[in-house]
>>> print(open('structure.pdb').read())   # PDB, C-alpha atoms
ATOM      1  CA  MET A   1     -10.692 -65.899 -97.946
ATOM      2  CA  THR A   2     -12.012 -62.374 -97.901
ATOM      3  CA  ASP A   3     -14.537 -62.055 -95.105
ATOM      4  CA  PHE A   4     -15.423 -58.399 -95.541
ATOM      5  CA  GLU A   5     -14.519 -55.574 -97.923
ATOM      6  CA  LEU A   6     -15.657 -51.988 -98.306
ATOM      7  CA  ASN A   7     -14.215 -49.067-100.229
ATOM      8  CA  GLY A   8     -15.229 -45.634-101.454
ATOM      9  CA  GLN A   9     -16.070 -42.249-100.012
ATOM     10  CA  LEU A  10     -16.593 -43.110 -96.359
ATOM     11  CA  GLY A  11     -17.566 -41.034 -93.355
ATOM     12  CA  VAL A  12     -17.356 -41.367 -89.595
ATOM     13  CA  ASP A  13     -20.840 -42.860 -89.389
ATOM     14  CA  ASP A  14     -19.662 -45.631 -91.721
ATOM     15  CA  VAL A  15     -16.952 -46.536 -89.192
ATOM     16  CA  THR A  16     -19.525 -47.358 -86.548
ATOM     17  CA  SER A  17     -21.554 -49.432 -89.010
ATOM     18  CA  VAL A  18     -18.443 -51.367 -90.070
ATOM     19  CA  ARG A  19     -17.478 -52.085 -86.454
ATOM     20  CA  ARG A  20     -20.906 -53.492 -85.683
ATOM     21  CA  LEU A  21     -20.992 -55.614 -88.824
ATOM     22  CA  VAL A  22     -17.466 -56.957 -88.283
ATOM     23  CA  GLU A  23     -18.326 -57.844 -84.695
ATOM     24  CA  LYS A  24     -21.377 -59.733 -85.884
ATOM     25  CA  LEU A  25     -19.385 -61.613 -88.548
ATOM     26  CA  GLN A  26     -16.490 -62.499 -86.247
ATOM     27  CA  ARG A  27     -18.658 -63.806 -83.415
ATOM     28  CA  ARG A  28     -18.517 -67.259 -84.991
ATOM     29  CA  PHE A  29     -15.013 -67.511 -83.495
ATOM     30  CA  SER A  30     -15.615 -66.070 -80.020
ATOM     31  CA  VAL A  31     -17.139 -62.996 -78.432
ATOM     32  CA  ASP A  32     -13.756 -61.790 -77.170
ATOM     33  CA  HIS A  33     -12.172 -62.237 -80.607
ATOM     34  CA  ALA A  34     -15.092 -60.470 -82.289
ATOM     35  CA  GLU A  35     -14.883 -57.450 -79.999
ATOM     36  CA  ARG A  36     -11.116 -57.121 -80.453
ATOM     37  CA  VAL A  37     -11.226 -57.411 -84.247
ATOM     38  CA  ALA A  38     -14.242 -55.112 -84.514
ATOM     39  CA  MET A  39     -12.525 -52.478 -82.376
ATOM     40  CA  ALA A  40      -9.389 -52.787 -84.523
ATOM     41  CA  ALA A  41     -11.437 -52.415 -87.715
ATOM     42  CA  HIS A  42     -13.031 -49.310 -86.227
ATOM     43  CA  GLU A  43      -9.737 -47.665 -85.276
ATOM     44  CA  LEU A  44      -7.922 -48.493 -88.525
ATOM     45  CA  LEU A  45     -10.795 -47.386 -90.768
ATOM     46  CA  GLU A  46     -11.247 -44.189 -88.790
ATOM     47  CA  ASN A  47      -7.545 -43.425 -89.244
ATOM     48  CA  ALA A  48      -7.738 -44.220 -92.980
ATOM     49  CA  ILE A  49     -10.632 -41.784 -93.387
ATOM     50  CA  LYS A  50      -8.990 -39.151 -91.171
ATOM     51  CA  PHE A  51      -5.703 -39.318 -93.087
ATOM     52  CA  SER A  52      -7.280 -39.654 -96.543
ATOM     53  CA  ALA A  53      -6.240 -37.020 -99.062
ATOM     54  CA  ASP A  54      -9.304 -37.488-101.238
ATOM     55  CA  GLY A  55     -11.961 -38.710 -98.809
ATOM     56  CA  SER A  56     -11.815 -42.277-100.013
ATOM     57  CA  ALA A  57     -10.581 -45.275 -98.063
ATOM     58  CA  SER A  58     -10.891 -49.028 -98.110
ATOM     59  CA  ILE A  59     -10.988 -51.811 -95.556
ATOM     60  CA  ARG A  60     -10.666 -55.518 -96.125
ATOM     61  CA  ILE A  61     -10.663 -58.441 -93.699
ATOM     62  CA  ASP A  62      -9.040 -61.710 -94.772
ATOM     63  CA  LEU A  63      -9.187 -65.033 -92.968
ATOM     64  CA  THR A  64      -6.958 -68.070 -93.130
ATOM     65  CA  ASP A  65      -7.110 -71.192 -90.977
ATOM     66  CA  ARG A  66      -4.654 -69.534 -88.613
ATOM     67  CA  ASP A  67      -5.212 -65.803 -88.577
ATOM     68  CA  VAL A  68      -7.300 -62.775 -89.402
ATOM     69  CA  THR A  69      -5.851 -59.762 -91.235
ATOM     70  CA  ILE A  70      -7.354 -56.291 -91.446
ATOM     71  CA  LYS A  71      -6.029 -54.071 -94.242
ATOM     72  CA  THR A  72      -6.891 -50.436 -94.764
ATOM     73  CA  ARG A  73      -5.706 -48.301 -97.681
ATOM     74  CA  ASN A  74      -5.899 -44.597 -98.378
ATOM     75  CA  ARG A  75      -4.056 -41.845-100.170
ATOM     76  CA  ALA A  76      -2.520 -39.472 -97.626
ATOM     77  CA  ARG A  77      -1.517 -35.836 -97.683
ATOM     78  CA  PRO A  78       2.256 -35.247 -97.305
ATOM     79  CA  GLU A  79       2.003 -34.025 -93.697
ATOM     80  CA  ASN A  80      -0.058 -37.078 -92.769
ATOM     81  CA  LEU A  81       2.386 -39.388 -94.534
ATOM     82  CA  ASP A  82       5.147 -38.016 -92.339
ATOM     83  CA  SER A  83       3.032 -38.544 -89.244
ATOM     84  CA  LEU A  84       2.193 -42.136 -90.204
ATOM     85  CA  LYS A  85       5.829 -42.931 -91.014
ATOM     86  CA  SER A  86       6.805 -41.560 -87.624
ATOM     87  CA  ILE A  87       4.216 -43.746 -85.904
ATOM     88  CA  SER A  88       5.436 -46.774 -87.876
ATOM     89  CA  THR A  89       9.024 -46.130 -86.788
ATOM     90  CA  ARG A  90       8.070 -45.574 -83.139
ATOM     91  CA  LEU A  91       6.012 -48.771 -83.086
ATOM     92  CA  ASP A  92       8.763 -50.948 -84.538
ATOM     93  CA  GLY A  93      10.030 -53.407 -81.927
ATOM     94  CA  VAL A  94       8.535 -51.604 -78.941
ATOM     95  CA  ASP A  95       6.326 -53.158 -76.275
ATOM     96  CA  PRO A  96       2.691 -52.448 -77.285
ATOM     97  CA  LEU A  97       1.696 -51.144 -73.835
ATOM     98  CA  GLU A  98       4.772 -48.920 -73.709
ATOM     99  CA  PHE A  99       3.887 -47.443 -77.101
ATOM    100  CA  TYR A 100       0.216 -46.992 -76.158
ATOM    101  CA  VAL A 101       1.071 -45.243 -72.887
ATOM    102  CA  SER A 102       3.625 -43.035 -74.657
ATOM    103  CA  CYS A 103       0.817 -41.861 -76.957
ATOM    104  CA  MET A 104      -1.263 -40.974 -73.885
ATOM    105  CA  LYS A 105       1.657 -39.114 -72.308
ATOM    106  CA  ALA A 106       2.122 -36.990 -75.433
ATOM    107  CA  SER A 107       0.372 -33.647 -75.760
ATOM    108  CA  PRO A 108      -3.298 -34.137 -74.934
ATOM    109  CA  LYS A 109      -4.124 -31.994 -77.949
ATOM    110  CA  SER A 110      -2.493 -34.426 -80.343
ATOM    111  CA  PRO A 111      -1.637 -37.827 -78.911
ATOM    112  CA  GLY A 112      -0.751 -39.175 -82.349
ATOM    113  CA  GLY A 113      -0.912 -42.926 -82.744
ATOM    114  CA  LEU A 114      -3.418 -43.602 -79.978
ATOM    115  CA  GLY A 115      -5.727 -45.584 -82.264
ATOM    116  CA  ILE A 116      -2.844 -47.624 -83.685
ATOM    117  CA  GLY A 117      -1.486 -48.186 -80.182
ATOM    118  CA  ARG A 118      -4.887 -49.355 -79.071
ATOM    119  CA  VAL A 119      -5.014 -51.934 -81.864
ATOM    120  CA  ALA A 120      -1.526 -53.199 -80.997
ATOM    121  CA  TYR A 121      -2.123 -53.422 -77.243
ATOM    122  CA  GLU A 122      -5.842 -53.960 -76.685
ATOM    123  CA  ALA A 123      -6.581 -56.053 -79.773
ATOM    124  CA  GLU A 124      -3.196 -57.810 -79.516
ATOM    125  CA  MET A 125      -2.627 -57.443 -83.264
ATOM    126  CA  GLN A 126       0.675 -57.149 -85.108
ATOM    127  CA  ILE A 127       0.768 -53.862 -87.017
ATOM    128  CA  GLY A 128       2.594 -53.212 -90.274
ATOM    129  CA  MET A 129       2.531 -50.235 -92.628
ATOM    130  CA  THR A 130       3.671 -49.939 -96.233
ATOM    131  CA  PHE A 131       4.002 -46.756 -98.251
ATOM    132  CA  ASP A 132       3.862 -46.486-102.051
ATOM    133  CA  ASN A 133       4.113 -42.818-103.021
ATOM    134  CA  ASP A 134       1.068 -41.311-101.298
ATOM    135  CA  MET A 135      -0.708 -44.653-100.843
ATOM    136  CA  VAL A 136      -0.687 -46.034 -97.297
ATOM    137  CA  GLU A 137      -1.599 -49.585 -96.387
ATOM    138  CA  VAL A 138      -1.971 -50.528 -92.741
ATOM    139  CA  ARG A 139      -2.181 -54.220 -91.810
ATOM    140  CA  ALA A 140      -3.167 -55.693 -88.475
ATOM    141  CA  VAL A 141      -2.886 -59.439 -87.953
ATOM    142  CA  ALA A 142      -4.167 -61.585 -85.093
ATOM    143  CA  ALA A 143      -3.995 -65.320 -84.608
ATOM    144  CA  LEU A 144      -7.264 -67.187 -84.519
ATOM    145  CA  ALA A 145      -7.648 -68.967 -81.203
TER     146      ALA A 145
ATOM    147  CA  MET B   1     -27.618 -55.596 -78.396
ATOM    148  CA  SER B   2     -28.560 -51.970 -77.891
ATOM    149  CA  TYR B   3     -26.845 -49.100 -79.655
ATOM    150  CA  ALA B   4     -27.833 -46.157 -77.486
ATOM    151  CA  PRO B   5     -25.902 -42.946 -78.110
ATOM    152  CA  LEU B   6     -23.635 -41.522 -75.436
ATOM    153  CA  SER B   7     -25.364 -39.884 -72.522
ATOM    154  CA  THR B   8     -23.707 -38.190 -69.552
ATOM    155  CA  ALA B   9     -25.094 -37.066 -66.209
ATOM    156  CA  ALA B  10     -23.450 -35.472 -63.170
ATOM    157  CA  ALA B  11     -24.570 -35.708 -59.551
ATOM    158  CA  ARG B  12     -23.168 -34.709 -56.173
ATOM    159  CA  ASP B  13     -22.886 -37.069 -53.203
ATOM    160  CA  GLY B  14     -21.274 -35.259 -50.267
ATOM    161  CA  ASP B  15     -17.738 -34.318 -51.288
ATOM    162  CA  THR B  16     -17.868 -36.704 -54.218
ATOM    163  CA  LEU B  17     -18.873 -35.755 -57.747
ATOM    164  CA  VAL B  18     -20.197 -38.585 -59.876
ATOM    165  CA  ILE B  19     -20.243 -38.371 -63.648
ATOM    166  CA  THR B  20     -22.108 -41.223 -65.264
ATOM    167  CA  CYS B  21     -21.552 -42.166 -68.901
ATOM    168  CA  THR B  22     -23.885 -44.583 -70.663
ATOM    169  CA  GLY B  23     -24.425 -45.744 -74.224
ATOM    170  CA  SER B  24     -21.799 -45.825 -76.932
ATOM    171  CA  ALA B  25     -19.074 -43.170 -77.104
ATOM    172  CA  GLU B  26     -18.581 -42.987 -80.833
ATOM    173  CA  THR B  27     -16.132 -40.524 -82.364
ATOM    174  CA  GLU B  28     -18.954 -38.076 -83.066
ATOM    175  CA  SER B  29     -19.537 -37.954 -79.294
ATOM    176  CA  PHE B  30     -16.073 -36.571 -78.533
ATOM    177  CA  ASP B  31     -17.133 -32.929 -78.091
ATOM    178  CA  MET B  32     -19.988 -33.885 -75.788
ATOM    179  CA  LEU B  33     -17.813 -36.172 -73.660
ATOM    180  CA  ALA B  34     -14.917 -33.714 -73.507
ATOM    181  CA  ALA B  35     -17.284 -30.927 -72.425
ATOM    182  CA  ALA B  36     -18.831 -33.105 -69.715
ATOM    183  CA  LEU B  37     -15.427 -34.092 -68.319
ATOM    184  CA  GLU B  38     -14.183 -30.504 -68.501
ATOM    185  CA  LYS B  39     -17.245 -29.326 -66.574
ATOM    186  CA  ALA B  40     -16.797 -32.061 -63.971
ATOM    187  CA  HIS B  41     -13.160 -31.048 -63.527
ATOM    188  CA  HIS B  42     -14.023 -27.384 -62.969
ATOM    189  CA  ASP B  43     -16.982 -28.213 -60.716
ATOM    190  CA  ALA B  44     -14.689 -30.411 -58.619
ATOM    191  CA  LEU B  45     -12.182 -27.578 -58.254
ATOM    192  CA  ASP B  46     -14.824 -24.901 -57.590
ATOM    193  CA  THR B  47     -16.496 -26.943 -54.868
ATOM    194  CA  SER B  48     -13.367 -28.558 -53.397
ATOM    195  CA  CYS B  49     -14.441 -32.104 -54.184
ATOM    196  CA  ARG B  50     -12.127 -34.747 -52.832
ATOM    197  CA  THR B  51     -13.211 -37.450 -55.259
ATOM    198  CA  VAL B  52     -14.613 -37.571 -58.771
ATOM    199  CA  VAL B  53     -16.167 -40.865 -59.770
ATOM    200  CA  ALA B  54     -16.544 -41.711 -63.453
ATOM    201  CA  ASP B  55     -19.222 -44.373 -63.589
ATOM    202  CA  LEU B  56     -18.625 -46.218 -66.867
ATOM    203  CA  ARG B  57     -20.592 -49.354 -66.056
ATOM    204  CA  GLY B  58     -23.150 -48.523 -68.719
ATOM    205  CA  LEU B  59     -20.637 -47.393 -71.340
ATOM    206  CA  GLU B  60     -20.734 -50.094 -73.990
ATOM    207  CA  PHE B  61     -17.984 -48.758 -76.240
ATOM    208  CA  ALA B  62     -15.547 -45.859 -76.490
ATOM    209  CA  SER B  63     -13.576 -45.011 -79.611
ATOM    210  CA  SER B  64      -9.964 -43.941 -79.214
ATOM    211  CA  SER B  65     -11.095 -40.413 -80.006
ATOM    212  CA  CYS B  66     -13.286 -40.547 -76.908
ATOM    213  CA  LEU B  67     -10.510 -42.163 -74.871
ATOM    214  CA  LYS B  68      -8.561 -38.984 -75.693
ATOM    215  CA  ALA B  69     -11.166 -37.043 -73.728
ATOM    216  CA  PHE B  70     -10.303 -39.117 -70.640
ATOM    217  CA  VAL B  71      -6.576 -38.759 -71.383
ATOM    218  CA  SER B  72      -6.969 -34.961 -71.538
ATOM    219  CA  TRP B  73      -8.872 -34.953 -68.246
ATOM    220  CA  PHE B  74      -6.159 -37.028 -66.559
ATOM    221  CA  HIS B  75      -3.503 -34.625 -67.871
ATOM    222  CA  GLN B  76      -5.423 -31.783 -66.177
ATOM    223  CA  VAL B  77      -5.656 -33.687 -62.881
ATOM    224  CA  ALA B  78      -1.981 -34.634 -63.024
ATOM    225  CA  ASP B  79      -1.097 -30.953 -63.411
ATOM    226  CA  LEU B  80      -2.883 -29.997 -60.174
ATOM    227  CA  SER B  81      -0.749 -29.274 -57.147
ATOM    228  CA  GLY B  82      -1.061 -31.287 -53.917
ATOM    229  CA  ASP B  83      -4.105 -29.879 -52.085
ATOM    230  CA  ALA B  84      -6.082 -29.200 -55.223
ATOM    231  CA  ARG B  85      -5.673 -32.655 -56.636
ATOM    232  CA  TYR B  86      -8.720 -34.824 -56.187
ATOM    233  CA  THR B  87      -8.968 -38.587 -56.420
ATOM    234  CA  VAL B  88     -10.339 -40.092 -59.627
ATOM    235  CA  ARG B  89     -12.178 -43.357 -59.279
ATOM    236  CA  ILE B  90     -13.619 -45.274 -62.219
ATOM    237  CA  ARG B  91     -16.467 -47.713 -61.830
ATOM    238  CA  SER B  92     -16.119 -50.276 -64.579
ATOM    239  CA  ASN B  93     -18.064 -53.201 -65.892
ATOM    240  CA  PRO B  94     -15.872 -56.086 -67.095
ATOM    241  CA  ARG B  95     -18.754 -57.413 -69.165
ATOM    242  CA  HIS B  96     -17.866 -54.672 -71.646
ATOM    243  CA  ALA B  97     -14.687 -56.290 -72.978
ATOM    244  CA  TRP B  98     -13.026 -53.009 -73.968
ATOM    245  CA  GLN B  99     -13.087 -51.682 -70.405
ATOM    246  CA  PRO B 100     -10.514 -53.926 -68.677
ATOM    247  CA  ARG B 101      -8.085 -53.462 -71.582
ATOM    248  CA  SER B 102      -8.531 -49.707 -71.977
ATOM    249  CA  LEU B 103      -8.550 -49.044 -68.241
ATOM    250  CA  ARG B 104      -5.389 -51.112 -67.732
ATOM    251  CA  ALA B 105      -3.622 -48.834 -70.196
ATOM    252  CA  LEU B 106      -5.178 -45.649 -68.813
ATOM    253  CA  THR B 107      -4.047 -46.510 -65.277
ATOM    254  CA  ALA B 108      -0.554 -47.304 -66.544
ATOM    255  CA  PHE B 109      -0.531 -43.728 -67.819
ATOM    256  CA  ALA B 110      -2.393 -42.091 -64.909
ATOM    257  CA  LYS B 111      -1.342 -44.028 -61.836
ATOM    258  CA  PHE B 112      -3.514 -41.899 -59.534
ATOM    259  CA  VAL B 113      -6.704 -43.324 -61.072
ATOM    260  CA  GLU B 114      -8.408 -46.042 -59.028
ATOM    261  CA  ILE B 115     -10.607 -48.702 -60.613
ATOM    262  CA  ASP B 116     -13.666 -50.284 -59.024
ATOM    263  CA  SER B 117     -14.600 -53.231 -61.177
ATOM    264  CA  GLU B 118     -18.040 -54.660 -60.693
ATOM    265  CA  ALA B 119     -20.944 -56.002 -62.701
ATOM    266  CA  SER B 120     -23.770 -53.528 -63.235
TER     267      SER B 120
END
>>> encode(input="structure.pdb", output="structure tokens")
Amino acid sequence: MTDFELNGQLGVDDVTSVRRLVEKLQRRFSVDHAERVAMAAHELLENAIKFSADGSASIRIDLTDRDVTIKTRNRARPENLDSLKSISTRLDGVDPLEFYVSCMKASPKSPGGLGIGRVAYEAEMQIGMTFDNDMVEVRAVAALA
Amino acid sequence: MSYAPLSTAAARDGDTLVITCTGSAETESFDMLAAALEKAHHDALDTSCRTVVADLRGLEFASSSCLKAFVSWFHQVADLSGDARYTVRIRSNPRHAWQPRSLRALTAFAKFVEIDSEAS
């Protein structure tokens, strides 16, 4: 069941609005769950907008009886595709806290992956990325308590 | 639920500098937060502060972009040599669910940061 969906030309102010709406919608499960999923929606949508080649991005939240999935999609410029693929590789199989802290230890000017690391560690969501030419889809999945 | 924008204020208490952050640190607030932390860092060095307290009890949310401002500050403190390095203490409010999680990770990165957790 799709719980929430938004796509189009989105800006940073839209990210804040989406986070607040997602938190409100997800509170029917628990406050803790709502805050984690809302934060994850914020970070993933902000990344999708930041990495978008054409200014457009989409976010969708799906629910099953067992889990919640956040999906963001955007077209990415080649240099951003490389960066996202690198993050995906670094994240594969690593402890979420270890990855998150490694992002903090990187150059303070460009700690790439901090938002993704935050979703993996703080929101306790499983992250996956798929690439189809310049289209990037990021998925974050969390079990429903 | 209030959605106040980020506000920062600095005050001196003996050899301690207190920077208080309240509201919501959205991504658009990054420049403001980074400037406030940068100023606190230089004020602490210029006046030989022994401790800088970041009072986050009223900070309802911080985006990862704003967490980068804290990460950058901690990099600067970590780079200080022995006598110049001051203590960083964070006052946190566990009622803001993001704080225990984010601060746990930040202190795993910057082990010199001390956390005072209390309700506001």
>>> residues_around(input="structure.pdb", residues="Thr22 in chain B", least_positions_apart="5", cutoff="7 Å", atoms="all atoms listed in the file", output="list in words")
Leu6, Ser7, Thr8, Leu56, Gly58 and Leu59 of chain B
>>> interface_residues(input="structure.pdb", of="chain A", to="chain B", cutoff="12 Å", atoms="only C-alpha atoms", output="count of residues only")
58
>>> residues_around(input="structure.pdb", residues="range 54-58 of chain A", least_positions_apart="3", cutoff="9 Å", atoms="all atoms listed in the file", output="list of chain:residue names")
A:Glu5, A:Leu6, A:Asn7, A:Gly8, A:Gln9, A:Leu10, A:Gly11, A:Leu45, A:Ala48, A:Ile49, A:Lys50, A:Phe51, A:Lys71, A:Thr72, A:Arg73, A:Asn74, A:Arg75, A:Ala76, A:Arg77
>>> closest_residue(input="structure.pdb", among="B:Asp116, B:Val53, B:Arg85, B:Asp43", to="Cys21 in chain B", atoms="only C-alpha atoms")
B:Val53
>>> residues_around(input="structure.pdb", residues="Ile115 in chain B", least_positions_apart="5", cutoff="7 Å", atoms="all atoms listed in the file", output="list in words")
Arg89, Ile90, Arg91 and Ser92 of chain B
>>> atom_distance(input="structure.pdb", atom1="CA of Asp67 in chain A", atom2="CA of Leu144 in chain A")
4.8 Å
>>> residues_near_point(input="structure.pdb", point="(-4.4, -45.3, -55.4)", cutoff="9 Å", atoms="all atoms listed in the file", output="PyMOL selection string")
chain B and resi 87-89+111-115
>>> atom_distance(input="structure.pdb", atom1="CA of Thr51 in chain B", atom2="CA of Glu118 in chain B")
18.7 Å
>>> residues_around(input="structure.pdb", residues="Ser48 in chain B", least_positions_apart="6", cutoff="10 Å", atoms="only C-alpha atoms", output="list in words")
Asp15, Thr16, His42, Asp83, Ala84, Arg85 and Tyr86 of chain B
>>> decode(input="structure.pdb", residues="range 39-65 of chain A", atoms="C-alpha atoms", output="short mmCIF file (atom, residue, chain, number, x, y, z; two decimals), in the first residue's frame")
data_model
loop_
_atom_site.label_atom_id
_atom_site.label_comp_id
_atom_site.auth_asym_id
_atom_site.auth_seq_id
_atom_site.Cartn_x
_atom_site.Cartn_y
_atom_site.Cartn_z
CA MET A 39 14.17 11.66 9.44
CA ALA A 40 15.03 9.01 6.84
CA ALA A 41 12.55 10.51 4.37
CA HIS A 42 14.15 13.90 4.96
CA GLU A 43 17.71 12.70 4.37
CA LEU A 44 16.91 10.57 1.31
CA LEU A 45 14.79 13.25 -0.38
CA GLU A 46 17.39 15.91 0.32
CA ASN A 47 20.03 13.70 -1.30
CA ALA A 48 17.76 13.02 -4.30
CA ILE A 49 17.27 16.75 -4.83
CA LYS A 50 20.96 17.52 -4.24
CA PHE A 51 22.10 14.88 -6.72
CA SER A 52 19.36 15.53 -9.29
CA ALA A 53 20.58 16.38 -12.77
CA ASP A 54 17.37 18.13 -13.77
CA GLY A 55 15.97 19.41 -10.48
CA SER A 56 13.28 16.78 -10.27
CA ALA A 57 13.04 13.98 -7.74
CA SER A 58 10.45 11.64 -6.32
CA ILE A 59 9.76 10.01 -2.98
CA ARG A 60 7.37 7.20 -2.21
CA ILE A 61 6.60 5.39 1.04
CA ASP A 62 5.10 1.90 0.88
CA LEU A 63 3.70 -0.13 3.75
CA THR A 64 3.14 -3.83 4.16
CA ASP A 65 2.02 -5.69 7.28
#
